[in-house]
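The structure file run28.csv is reproduced below (CSV, C-alpha atoms and all ligand atoms).
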chain,number,residue,atom,x,y,z
A,652,MET,CA,3.3,-7.3,-0.1
A,653,ALA,CA,3.8,-4.2,2.0
A,654,ASP,CA,5.8,-1.5,0.3
A,655,LYS,CA,7.5,1.5,1.7
A,656,THR,CA,5.0,3.5,-0.3
A,657,GLY,CA,1.5,2.5,-1.4
A,658,GLY,CA,0.6,0.4,1.5
A,659,ASN,CA,-0.3,-3.2,1.0
A,660,ALA,CA,-3.5,-3.1,-0.9
A,661,PRO,CA,-4.1,-5.6,-3.7
A,662,TYR,CA,-2.3,-4.5,-6.9
A,663,ILE,CA,-2.6,-5.2,-10.6
A,664,ALA,CA,0.2,-7.5,-11.6
A,665,LYS,CA,-0.8,-7.6,-15.3
A,666,GLY,CA,-3.6,-6.5,-17.6
A,667,ILE,CA,-4.4,-8.3,-20.7
A,668,GLY,CA,-7.4,-8.4,-23.1
A,669,GLY,CA,-9.7,-6.6,-20.7
A,670,PHE,CA,-8.8,-8.8,-17.7
A,671,TYR,CA,-6.7,-7.7,-14.8
A,672,TYR,CA,-4.7,-10.1,-12.7
A,673,VAL,CA,-4.7,-8.7,-9.2
A,674,ARG,CA,-2.3,-10.0,-6.6
A,675,THR,CA,-4.0,-10.2,-3.2
A,676,ASP,CA,-3.3,-11.9,0.1
A,677,ALA,CA,-5.5,-14.7,-1.1
A,678,GLY,CA,-3.4,-15.1,-4.3
A,679,MET,CA,-3.9,-13.9,-7.8
A,680,LEU,CA,-7.5,-13.0,-8.8
A,681,GLU,CA,-8.8,-12.5,-12.3
A,682,CYS,CA,-10.9,-9.3,-12.4
A,683,LYS,CA,-12.7,-7.0,-14.7
A,684,ALA,CA,-12.7,-3.2,-14.3
A,685,ARG,CA,-15.9,-1.3,-13.7
A,686,GLY,CA,-17.3,0.6,-16.7
A,687,ILE,CA,-16.9,3.9,-14.7
A,688,PHE,CA,-13.2,3.9,-15.4
A,689,ARG,CA,-13.7,4.0,-19.1
A,690,LYS,CA,-16.2,6.7,-18.8
A,691,ARG,CA,-13.7,8.7,-16.8
A,692,GLY,CA,-11.0,8.0,-19.3
A,693,VAL,CA,-8.9,6.1,-16.8
A,694,THR,CA,-7.0,2.9,-17.8
A,695,PRO,CA,-6.1,0.6,-15.0
A,696,LEU,CA,-2.3,0.0,-15.1
A,697,ALA,CA,0.0,-2.7,-13.9
A,698,GLY,CA,1.2,-1.4,-10.5
A,699,ASP,CA,-2.1,0.2,-9.6
A,700,ARG,CA,-3.3,-0.4,-6.0
A,701,VAL,CA,-7.0,-1.3,-6.2
A,702,VAL,CA,-10.1,-2.0,-4.1
A,703,LEU,CA,-12.0,-5.0,-5.3
A,704,SER,CA,-15.6,-5.9,-5.1
A,705,PRO,CA,-16.5,-8.1,-2.1
A,706,ASP,CA,-16.7,-11.2,-4.4
A,707,GLY,CA,-13.2,-10.3,-5.8
A,708,THR,CA,-14.2,-10.2,-9.4
A,709,MET,CA,-14.3,-6.4,-10.0
A,710,ILE,CA,-11.9,-3.6,-9.6
A,711,ASP,CA,-14.2,-1.1,-7.8
A,712,GLU,CA,-11.6,1.6,-7.2
A,713,ILE,CA,-8.0,2.6,-8.2
A,714,LEU,CA,-6.1,4.2,-5.4
A,715,PRO,CA,-4.3,7.5,-6.0
A,716,ARG,CA,-1.1,7.0,-8.1
A,717,LYS,CA,2.3,8.1,-7.1
A,718,ASN,CA,3.2,8.4,-10.8
A,719,GLU,CA,2.3,6.8,-14.1
A,720,LEU,CA,4.2,6.1,-17.3
A,721,VAL,CA,2.5,5.6,-20.6
A,722,ARG,CA,5.3,3.7,-22.3
A,723,PRO,CA,5.9,1.4,-20.7
A,724,PRO,CA,2.4,1.4,-19.1
A,725,VAL,CA,3.0,1.1,-15.4
A,726,ALA,CA,1.9,3.0,-12.3
A,727,ASN,CA,3.6,3.6,-8.9
A,728,LEU,CA,7.2,2.8,-9.8
A,729,ASP,CA,9.5,3.6,-6.9
A,730,VAL,CA,12.9,2.8,-8.4
A,731,LEU,CA,14.2,2.8,-11.9
A,732,PHE,CA,17.4,0.8,-12.4
A,733,ILE,CA,19.4,2.3,-15.3
A,734,VAL,CA,21.8,-0.3,-16.4
A,735,ALA,CA,25.0,0.7,-18.2
A,736,SER,CA,28.0,-1.4,-19.1
A,737,THR,CA,31.6,-0.1,-19.0
A,738,VAL,CA,32.1,-1.4,-22.5
A,739,GLN,CA,30.2,-3.4,-25.1
A,740,PRO,CA,28.3,-1.2,-25.5
A,741,VAL,CA,30.0,2.0,-24.2
A,742,PRO,CA,27.4,4.1,-22.5
A,743,SER,CA,26.4,7.6,-23.5
A,744,THR,CA,26.2,9.9,-20.4
A,745,LEU,CA,23.6,12.0,-22.2
A,746,VAL,CA,21.3,9.1,-22.6
A,747,LEU,CA,21.8,8.0,-19.0
A,748,ASP,CA,21.2,11.6,-17.8
A,749,LYS,CA,18.0,11.8,-19.8
A,750,LEU,CA,16.7,8.7,-18.2
A,751,MET,CA,17.7,9.8,-14.7
A,752,ALA,CA,16.1,13.2,-15.2
A,753,ALA,CA,12.9,11.6,-16.5
A,754,ALA,CA,12.7,9.3,-13.5
A,755,ILE,CA,13.3,12.2,-11.0
A,756,TYR,CA,10.7,14.3,-12.8
A,757,LYS,CA,8.2,11.4,-12.4
A,758,ASN,CA,9.1,11.0,-8.7
A,759,ILE,CA,10.9,7.7,-9.3
A,760,GLN,CA,14.3,7.1,-7.7
A,761,PRO,CA,16.9,6.4,-10.4
A,762,VAL,CA,19.8,4.0,-9.5
A,763,LEU,CA,22.7,3.6,-11.9
A,764,ILE,CA,24.0,0.0,-12.2
A,765,ILE,CA,27.4,-0.4,-13.8
A,766,THR,CA,28.0,-3.9,-15.4
A,767,LYS,CA,31.0,-5.5,-17.1
A,768,THR,CA,33.5,-4.1,-14.6
A,769,ASP,CA,35.4,-7.4,-15.0
A,770,ILE,CA,36.3,-6.3,-18.6
A,771,SER,CA,37.0,-2.7,-17.9
A,772,ALA,CA,37.2,-0.5,-14.8
A,773,ALA,CA,34.1,1.6,-14.0
A,774,GLY,CA,36.3,4.6,-13.1
A,775,THR,CA,35.2,7.3,-15.5
A,776,LEU,CA,31.5,6.4,-15.3
A,777,GLN,CA,31.7,6.3,-11.5
A,778,ALA,CA,33.4,9.6,-11.4
A,779,ASP,CA,30.7,11.2,-13.6
A,780,TYR,CA,28.1,10.3,-11.0
A,781,ALA,CA,30.1,10.6,-7.8
A,782,GLN,CA,28.7,14.0,-7.0
A,783,SER,CA,25.3,13.6,-8.6
A,784,ALA,CA,23.4,12.3,-5.5
A,785,ILE,CA,22.3,9.5,-7.8
A,786,PRO,CA,23.1,6.1,-6.2
A,787,VAL,CA,25.6,4.1,-8.2
A,788,ILE,CA,26.0,0.3,-7.9
A,789,THR,CA,29.1,-1.2,-9.4
A,790,LEU,CA,28.5,-4.9,-10.1
A,791,ASN,CA,31.1,-7.6,-10.4
A,792,TYR,CA,29.9,-11.2,-10.7
A,793,ASP,CA,33.4,-12.6,-9.9
A,794,THR,CA,33.4,-11.0,-6.5
A,795,GLY,CA,29.7,-10.6,-6.0
A,796,ALA,CA,30.2,-6.9,-5.4
A,797,GLY,CA,27.1,-4.8,-5.6
A,798,LEU,CA,24.6,-7.6,-5.5
A,799,ASP,CA,23.5,-7.1,-1.9
A,800,ASP,CA,23.3,-3.4,-2.4
A,801,LEU,CA,21.0,-4.0,-5.4
A,802,ARG,CA,18.8,-6.4,-3.4
A,803,GLY,CA,18.5,-3.7,-0.8
A,804,TRP,CA,17.0,-1.4,-3.4
A,805,ILE,CA,14.6,-4.0,-4.6
A,806,ALA,CA,13.3,-4.9,-1.2
A,807,GLY,CA,10.1,-3.1,-0.4
A,808,HIS,CA,9.9,-1.2,-3.7
A,809,LEU,CA,8.3,-1.5,-7.1
A,810,SER,CA,11.2,-1.2,-9.5
A,811,ALA,CA,12.0,-1.7,-13.2
A,812,PHE,CA,15.2,-2.1,-15.2
A,813,CYS,CA,16.1,-0.2,-18.3
A,814,GLY,CA,19.2,0.1,-20.4
A,815,ASN,CA,20.5,-0.6,-23.9
A,816,SER,CA,20.4,-4.0,-25.4
A,817,GLY,CA,23.5,-5.9,-24.4
A,818,VAL,CA,24.3,-4.1,-21.2
A,819,GLY,CA,23.4,-7.2,-19.1
A,820,LYS,CA,19.9,-6.8,-17.9
A,821,SER,CA,18.9,-10.5,-18.5
A,822,THR,CA,22.1,-11.7,-17.0
A,823,LEU,CA,21.4,-9.6,-13.9
A,824,LEU,CA,17.8,-10.7,-13.6
A,825,ASN,CA,18.8,-14.4,-13.9
A,826,THR,CA,21.3,-13.9,-11.1
A,827,LEU,CA,18.9,-12.1,-8.8
A,828,ALA,CA,15.9,-14.3,-9.5
A,829,PRO,CA,16.7,-17.5,-11.3
A,830,GLY,CA,13.0,-18.5,-11.4
A,831,LEU,CA,11.9,-15.3,-13.1
A,832,ALA,CA,12.6,-16.3,-16.7
A,833,ARG,CA,10.5,-19.4,-16.0
A,834,GLN,CA,7.7,-17.3,-14.5
A,835,THR,CA,7.6,-14.9,-17.4
A,836,GLY,CA,4.4,-15.3,-19.4
A,837,THR,CA,2.7,-17.6,-16.9
A,838,ILE,CA,-0.5,-15.6,-17.0
A,839,SER,CA,-0.7,-15.4,-20.8
A,840,HIS,CA,-0.2,-19.2,-20.9
A,841,LYS,CA,-3.1,-19.6,-18.5
A,842,LEU,CA,-5.2,-17.6,-21.0
A,843,GLY,CA,-4.0,-19.9,-23.8
A,844,ARG,CA,-2.2,-17.2,-25.7
A,845,GLY,CA,1.3,-17.4,-26.9
A,846,ARG,CA,3.5,-15.3,-24.7
A,847,HIS,CA,5.2,-13.8,-27.8
A,848,THR,CA,2.0,-12.0,-28.5
A,849,THR,CA,2.0,-10.1,-25.2
A,850,ARG,CA,3.6,-6.8,-24.8
A,851,GLU,CA,2.1,-6.0,-21.4
A,852,VAL,CA,4.0,-5.2,-18.3
A,853,GLU,CA,4.0,-8.0,-15.7
A,854,ILE,CA,5.0,-7.5,-12.1
A,855,PHE,CA,6.8,-10.3,-10.2
A,856,GLU,CA,7.6,-10.6,-6.5
A,857,VAL,CA,11.4,-11.1,-6.0
A,858,CYS,CA,14.0,-10.3,-3.3
A,859,GLY,CA,11.3,-9.0,-0.9
A,860,GLY,CA,10.2,-6.4,-3.5
A,861,ARG,CA,8.4,-6.2,-6.8
A,862,LEU,CA,9.9,-6.1,-10.3
A,863,ALA,CA,8.1,-4.8,-13.3
A,864,ASP,CA,9.0,-6.8,-16.4
A,865,THR,CA,8.6,-4.2,-19.1
A,866,PRO,CA,8.8,-5.4,-22.7
A,867,GLY,CA,9.7,-2.7,-25.1
A,868,PHE,CA,11.5,-0.8,-22.4
A,869,ALA,CA,14.9,-2.3,-23.2
A,870,SER,CA,16.0,0.5,-25.4
A,871,LEU,CA,16.8,3.9,-23.9
A,872,GLU,CA,14.0,6.0,-25.1
A,873,SER,CA,13.7,8.7,-22.5
A,874,GLN,CA,11.5,10.9,-24.6
A,875,LYS,CA,8.9,8.2,-24.4
A,876,LEU,CA,9.0,8.3,-20.6
A,877,CYS,CA,8.1,12.0,-20.4
A,878,HIS,CA,8.9,15.5,-21.7
A,879,ILE,CA,10.4,17.8,-19.1
A,880,PRO,CA,9.7,21.5,-19.6
A,881,LYS,CA,12.9,23.5,-19.6
A,882,GLU,CA,11.9,25.5,-16.5
A,883,ALA,CA,11.6,22.2,-14.5
A,884,LEU,CA,14.8,20.6,-15.9
A,885,GLN,CA,17.1,22.1,-13.2
A,886,HIS,CA,15.2,20.2,-10.5
A,887,ALA,CA,15.9,16.9,-12.3
A,888,PHE,CA,19.6,17.4,-11.6
A,889,PRO,CA,19.8,17.1,-7.8
A,890,GLU,CA,23.4,18.1,-7.5
A,891,MET,CA,22.5,21.6,-8.8
A,892,GLU,CA,20.0,22.2,-6.1
A,893,PRO,CA,22.3,23.7,-3.5
A,894,TYR,CA,23.3,26.5,-5.8
A,895,PHE,CA,19.9,27.7,-7.0
A,896,GLY,CA,19.6,30.6,-4.5
A,897,GLN,CA,23.2,31.8,-5.2
A,898,CYS,CA,22.9,32.8,-8.9
A,899,LYS,CA,23.2,36.6,-9.6
A,900,PHE,CA,19.9,36.7,-11.4
A,901,THR,CA,16.6,35.2,-10.3
A,902,GLY,CA,15.2,32.9,-12.9
A,903,CYS,CA,18.8,32.1,-14.0
A,904,SER,CA,18.7,29.2,-16.5
A,905,HIS,CA,22.3,28.3,-15.6
A,906,ARG,CA,23.5,28.5,-19.2
A,907,THR,CA,25.3,31.7,-20.1
A,908,GLU,CA,24.1,34.2,-17.5
A,909,LYS,CA,26.7,36.2,-15.6
A,910,GLY,CA,27.2,35.2,-12.0
A,911,CYS,CA,25.7,31.7,-12.3
A,912,ALA,CA,26.5,29.7,-9.2
A,913,VAL,CA,25.8,26.4,-11.0
A,914,ARG,CA,28.4,27.1,-13.7
A,915,ALA,CA,30.8,28.2,-11.0
A,916,ALA,CA,30.2,24.9,-9.2
A,917,ARG,CA,31.0,23.1,-12.4
A,918,ASP,CA,34.2,25.1,-12.8
A,919,ALA,CA,35.1,24.3,-9.2
A,920,GLY,CA,34.7,20.6,-9.9
A,921,LYS,CA,31.7,20.2,-7.7
A,922,ILE,CA,29.4,19.3,-10.6
A,923,ALA,CA,30.6,16.8,-13.2
A,924,PRO,CA,31.2,18.4,-16.6
A,925,THR,CA,29.3,15.6,-18.3
A,926,ARG,CA,26.2,16.2,-16.1
A,927,TYR,CA,26.3,19.9,-16.8
A,928,GLU,CA,26.8,19.3,-20.5
A,929,SER,CA,23.7,17.0,-20.5
A,930,TYR,CA,21.7,19.7,-18.7
A,931,LEU,CA,22.6,22.2,-21.5
A,932,THR,CA,21.8,19.8,-24.3
A,933,MET,CA,18.5,18.9,-22.7
A,934,TYR,CA,17.6,22.5,-22.1
A,935,GLU,CA,18.2,23.3,-25.7
A,936,GLU,CA,16.0,20.3,-26.8
A,937,ALA,CA,13.3,21.3,-24.4
A,938,SER,CA,13.3,24.9,-25.7
A,939,GLN,CA,12.8,23.6,-29.2
A,940,VAL,CA,9.9,21.4,-28.1
A,941,ASN,CA,8.3,24.3,-26.2
A,942,GLU,CA,8.5,26.7,-29.2
A,943,TRP,CA,7.1,24.1,-31.5
A,944,GLU,CA,4.2,23.4,-29.2
A,945,HIS,CA,3.2,27.1,-28.7
A,1001,LIG,N1,32.1,-10.0,-19.0
A,1001,LIG,C1,30.8,-9.7,-18.6
A,1001,LIG,N2,29.9,-10.0,-19.5
A,1001,LIG,C2,28.6,-9.7,-19.2
A,1001,LIG,C3,28.2,-9.1,-18.0
A,1001,LIG,N3,26.9,-8.9,-17.9
A,1001,LIG,C4,26.4,-9.4,-19.1
A,1001,LIG,N4,27.4,-9.9,-19.8
A,1001,LIG,C5,27.3,-10.5,-21.2
A,1001,LIG,O1,26.8,-9.5,-22.1
A,1001,LIG,C6,26.0,-10.1,-23.1
A,1001,LIG,C7,24.6,-9.4,-23.0
A,1001,LIG,O2,24.0,-9.6,-21.8
A,1001,LIG,P1,22.4,-9.7,-21.6
A,1001,LIG,O3,22.1,-10.0,-20.2
A,1001,LIG,O4,21.7,-10.5,-22.6
A,1001,LIG,O5,22.0,-8.1,-21.9
A,1001,LIG,P2,20.6,-7.5,-22.1
A,1001,LIG,O6,20.4,-7.2,-23.6
A,1001,LIG,O7,20.7,-6.1,-21.4
A,1001,LIG,O8,19.6,-8.3,-21.5
A,1001,LIG,C8,25.9,-11.6,-22.7
A,1001,LIG,O9,26.8,-12.2,-23.6
A,1001,LIG,C9,26.3,-11.6,-21.3
A,1001,LIG,O10,26.9,-12.9,-21.0
A,1001,LIG,C10,29.3,-8.8,-17.0
A,1001,LIG,O11,29.1,-8.2,-15.9
A,1001,LIG,N5,30.6,-9.1,-17.5
A,1002,MG,MG,17.8,-9.1,-22.3
A,1003,ZN,ZN,22.5,29.9,-12.6
Could the structure of this file be written out as structure tokens, please?
Amino acid sequence: MADKTGGNAPYIAKGIGGFYYVRTDAGMLECKARGIFRKRGVTPLAGDRVVLSPDGTMIDEILPRKNELVRPPVANLDVLFIVASTVQPVPSTLVLDKLMAAAIYKNIQPVLIITKTDISAAGTLQADYAQSAIPVITLNYDTGAGLDDLRGWIAGHLSAFCGNSGVGKSTLLNTLAPGLARQTGTISHKLGRGRHTTREVEIFEVCGGRLADTPGFASLESQKLCHIPKEALQHAFPEMEPYFGQCKFTGCSHRTEKGCAVRAARDAGKIAPTRYESYLTMYEEASQVNEWEH
């Protein structure tokens, strides 16, 4: 499938037990990886674009990655859907902001999806992100609102869903791709292993795009995605970007410095207080990690 990024080379849909299932124009091929990868310390990942041997049994080459995540192990994600429900459970903006920042730092487009708007209005949550430059999709299954928007983001991209248990990820996937639940674990069945034993990422083609099913990625563990150094953190908050050149001091950390244009923007209502608050908390946490490491 041709993506907006990464071309349309064959890609690894799943790796399991030293075998790689590579989706090609000619269907799914079972391949092994050349020993050279192990020597170089490179592990082929689901999402990797690859060059196969002429007989289609070997991964000869892994094309350059746009990004890679260790947990969950997946390469070349374009979009991370961060699912939050208005209630049951009530979202933490800090947790959402951490995930969004991690995605941006990894060159992945975060998209916030708000569920359960039939139970409670999405107002506050929507307002928190209205000025963030992060796309927000408000879903409502009664009216169908948001579903086309979501399909538009899936098309032509490799994406993954994350979000707390109970926010409605499975419900959403079943709505978008009713066949997906049935497909899950097909490859491991072929291998004669119970699907409950597999923790591997598996990529499915749905809605004109590709979805990475990522077991163990249900909980919101942004620290597992990546650590963002405190100096880089400001770039993971896109709505702060317009003010960077305007602070009184170069190298302003946008916390307590006099003449900080970012703080002024917060005061003027141009940056949401919750977003700025998350930045401060994350900066503090990043500082502690840095000191501990050095
Ligand atoms: N009222 C309402 N309930 C929902 C919505 N989305 C999911 N649920 C319910 O929330 C519960 C958890 O949903 P589920 O999809 O299993 O969440 P997951 O843990 O993220 O996969 C289930 O009882 C769903 O029926 C929604 O938009 N509105
Ligand atoms: Mg679920
Ligand atoms: Zn500043």
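Using all atoms listed in the file, the smallest distance between any of A:Ala806, A:Val940, A:Val702, A:Cys813 and ligand MG 1002 (chain A) comes from A:Cys813.
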Check which residues fall inside 9 Å of ligand MG 1002 (chain A) when counting all atoms listed in the file, and print them as a PDB file with C-alpha atoms, in the frame of the given file.
ATOM      1  CA  SER A 816      20.400  -4.000 -25.400  1.00  0.00           C
ATOM      2  CA  GLY A 817      23.500  -5.900 -24.400  1.00  0.00           C
ATOM      3  CA  VAL A 818      24.300  -4.100 -21.200  1.00  0.00           C
ATOM      4  CA  GLY A 819      23.400  -7.200 -19.100  1.00  0.00           C
ATOM      5  CA  LYS A 820      19.900  -6.800 -17.900  1.00  0.00           C
ATOM      6  CA  SER A 821      18.900 -10.500 -18.500  1.00  0.00           C
ATOM      7  CA  THR A 822      22.100 -11.700 -17.000  1.00  0.00           C
ATOM      8  CA  LEU A 824      17.800 -10.700 -13.600  1.00  0.00           C
ATOM      9  CA  ALA A 869      14.900  -2.300 -23.200  1.00  0.00           C
TER      10      ALA A 869
END
Near segment 924-932 of chain A, counting all atoms listed in the file, which residues have an atom at most 12 Å away, once you skip same-chain residues fewer than 6 positions from it, shown as a PyMOL selection string? chain A and resi 743-752+775-785+879+881-891+904-907+913-918+938-939
Mind dumping the selected residues with C-alpha atoms as a CSV table (one decimal), in the coordinates of the input?
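So the final result, stored in selection23.csv, reads:
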chain,number,residue,atom,x,y,z
A,743,SER,CA,26.4,7.6,-23.5
A,744,THR,CA,26.2,9.9,-20.4
A,745,LEU,CA,23.6,12.0,-22.2
A,746,VAL,CA,21.3,9.1,-22.6
A,747,LEU,CA,21.8,8.0,-19.0
A,748,ASP,CA,21.2,11.6,-17.8
A,749,LYS,CA,18.0,11.8,-19.8
A,750,LEU,CA,16.7,8.7,-18.2
A,751,MET,CA,17.7,9.8,-14.7
A,752,ALA,CA,16.1,13.2,-15.2
A,775,THR,CA,35.2,7.3,-15.5
A,776,LEU,CA,31.5,6.4,-15.3
A,777,GLN,CA,31.7,6.3,-11.5
A,778,ALA,CA,33.4,9.6,-11.4
A,779,ASP,CA,30.7,11.2,-13.6
A,780,TYR,CA,28.1,10.3,-11.0
A,781,ALA,CA,30.1,10.6,-7.8
A,782,GLN,CA,28.7,14.0,-7.0
A,783,SER,CA,25.3,13.6,-8.6
A,784,ALA,CA,23.4,12.3,-5.5
A,785,ILE,CA,22.3,9.5,-7.8
A,879,ILE,CA,10.4,17.8,-19.1
A,881,LYS,CA,12.9,23.5,-19.6
A,882,GLU,CA,11.9,25.5,-16.5
A,883,ALA,CA,11.6,22.2,-14.5
A,884,LEU,CA,14.8,20.6,-15.9
A,885,GLN,CA,17.1,22.1,-13.2
A,886,HIS,CA,15.2,20.2,-10.5
A,887,ALA,CA,15.9,16.9,-12.3
A,888,PHE,CA,19.6,17.4,-11.6
A,889,PRO,CA,19.8,17.1,-7.8
A,890,GLU,CA,23.4,18.1,-7.5
A,891,MET,CA,22.5,21.6,-8.8
A,904,SER,CA,18.7,29.2,-16.5
A,905,HIS,CA,22.3,28.3,-15.6
A,906,ARG,CA,23.5,28.5,-19.2
A,907,THR,CA,25.3,31.7,-20.1
A,913,VAL,CA,25.8,26.4,-11.0
A,914,ARG,CA,28.4,27.1,-13.7
A,915,ALA,CA,30.8,28.2,-11.0
A,916,ALA,CA,30.2,24.9,-9.2
A,917,ARG,CA,31.0,23.1,-12.4
A,918,ASP,CA,34.2,25.1,-12.8
A,938,SER,CA,13.3,24.9,-25.7
A,939,GLN,CA,12.8,23.6,-29.2
Closest of A:Val725, A:Gly678, A:Ile788, A:Glu936 to Glu851 of chain A, counting all atoms listed in the file, is A:Val725
Need to verify the contact set: Ala796 of chain A, 12 Å, all atoms listed in the file, exclusion of same-chain residues closer than 2 positions in sequence. Can you return it as JSON, numbers by chain? {"A": [764, 765, 766, 767, 768, 769, 788, 789, 790, 791, 792, 793, 794, 798, 799, 800, 801, 802]}
Taking only C-alpha atoms and all ligand atoms into account, list the residues no farther than 8 Å from ligand ZN 1003 (chain A), as a PyMOL selection string.
chain A and resi 894-895+897-900+902-906+908+910-914
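Remark: for Met679 of chain A, the closest of the candidate residues A:Ala772, A:Ile755, A:Ala828, A:Ile854 is A:Ile854 (distances computed over all atoms listed in the file).
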The distance between atom CA of Val673 of chain A and atom CA of Cys877 of chain A is 26.8 Å
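Here atom C5 of ligand LIG 1001 (chain A) and atom CA of Pro829 of chain A stand 16.1 Å from one another.
The residue that comes closest to ligand LIG 1001 (chain A), out of A:Gly797, A:Gly668, A:Gly707, A:Gly814 and on the basis of all atoms listed in the file, is A:Gly814.
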**Request:** Might you pull out every residue within 9 Å of Lys757 of chain A, with all atoms listed in the file counted and same-chain residues fewer than 6 positions away left off, and present them as a ChimeraX atom specification?
**Result:** /A:717-720,876-877
Q.
List the spatial neighbours of Arg861 of chain A as a list in words - criterion: any atom at most 6 Å away, all atoms listed in the file, same-chain residues fewer than 5 positions off excluded.
A. Leu809, Phe855 and Glu856 of chain A
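Relative to atom CA of Gly774 of chain A, atom C3 of ligand LIG 1001 (chain A) is found at 16.7 Å.
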Determine, using all atoms listed in the file, which residues of segment 703-809 of chain A have any atom at most 8 Å from an atom of segment 681-690 of chain A, and tabulate each with its shortest atom pair and distance in Å to one decimal place, rows ordered by chain and then rising number, as a Markdown table.
| residue | atom | partner | partner_atom | distance |
| --- | --- | --- | --- | --- |
| A:Gly707 | CA | A:Cys682 | CA | 7.1 |
| A:Thr708 | CA | A:Cys682 | CA | 4.5 |
| A:Met709 | CA | A:Lys683 | CA | 5.0 |
| A:Ile710 | CA | A:Ala684 | CA | 4.8 |
| A:Asp711 | CA | A:Arg685 | CA | 6.1 |
Reconstruct N, CA and C atoms of segment 736-748 of chain A from the incomplete input and present them as a PDB file, in the coordinates of the input.
ATOM      1  N   SER A 736      26.831  -0.611 -19.151  1.00  0.00           N
ATOM      2  CA  SER A 736      28.000  -1.400 -19.100  1.00  0.00           C
ATOM      3  C   SER A 736      29.260  -0.550 -19.351  1.00  0.00           C
ATOM      4  N   THR A 737      30.377  -0.924 -18.766  1.00  0.00           N
ATOM      5  CA  THR A 737      31.600  -0.100 -19.000  1.00  0.00           C
ATOM      6  C   THR A 737      31.997  -0.127 -20.431  1.00  0.00           C
ATOM      7  N   VAL A 738      31.821  -1.282 -21.071  1.00  0.00           N
ATOM      8  CA  VAL A 738      32.100  -1.400 -22.500  1.00  0.00           C
ATOM      9  C   VAL A 738      31.082  -2.391 -23.100  1.00  0.00           C
ATOM     10  N   GLN A 739      31.058  -2.449 -24.409  1.00  0.00           N
ATOM     11  CA  GLN A 739      30.200  -3.400 -25.100  1.00  0.00           C
ATOM     12  C   GLN A 739      28.751  -3.448 -24.633  1.00  0.00           C
ATOM     13  N   PRO A 740      27.954  -2.464 -24.828  1.00  0.00           N
ATOM     14  CA  PRO A 740      28.300  -1.200 -25.500  1.00  0.00           C
ATOM     15  C   PRO A 740      28.765  -0.123 -24.510  1.00  0.00           C
ATOM     16  N   VAL A 741      29.553   0.815 -25.038  1.00  0.00           N
ATOM     17  CA  VAL A 741      30.000   2.000 -24.200  1.00  0.00           C
ATOM     18  C   VAL A 741      28.820   2.876 -23.996  1.00  0.00           C
ATOM     19  N   PRO A 742      28.631   3.334 -22.766  1.00  0.00           N
ATOM     20  CA  PRO A 742      27.400   4.100 -22.500  1.00  0.00           C
ATOM     21  C   PRO A 742      27.570   5.591 -22.966  1.00  0.00           C
ATOM     22  N   SER A 743      26.423   6.208 -23.205  1.00  0.00           N
ATOM     23  CA  SER A 743      26.400   7.600 -23.500  1.00  0.00           C
ATOM     24  C   SER A 743      25.843   8.312 -22.214  1.00  0.00           C
ATOM     25  N   THR A 744      26.631   9.206 -21.643  1.00  0.00           N
ATOM     26  CA  THR A 744      26.200   9.900 -20.400  1.00  0.00           C
ATOM     27  C   THR A 744      24.932  10.704 -20.679  1.00  0.00           C
ATOM     28  N   LEU A 745      24.820  11.240 -21.894  1.00  0.00           N
ATOM     29  CA  LEU A 745      23.600  12.000 -22.200  1.00  0.00           C
ATOM     30  C   LEU A 745      22.373  11.159 -22.107  1.00  0.00           C
ATOM     31  N   VAL A 746      22.440   9.971 -22.671  1.00  0.00           N
ATOM     32  CA  VAL A 746      21.300   9.100 -22.600  1.00  0.00           C
ATOM     33  C   VAL A 746      20.982   8.673 -21.176  1.00  0.00           C
ATOM     34  N   LEU A 747      22.012   8.370 -20.418  1.00  0.00           N
ATOM     35  CA  LEU A 747      21.800   8.000 -19.000  1.00  0.00           C
ATOM     36  C   LEU A 747      21.206   9.187 -18.237  1.00  0.00           C
ATOM     37  N   ASP A 748      21.733  10.372 -18.484  1.00  0.00           N
ATOM     38  CA  ASP A 748      21.200  11.600 -17.800  1.00  0.00           C
ATOM     39  C   ASP A 748      19.786  11.864 -18.119  1.00  0.00           C
TER      40      ASP A 748
END
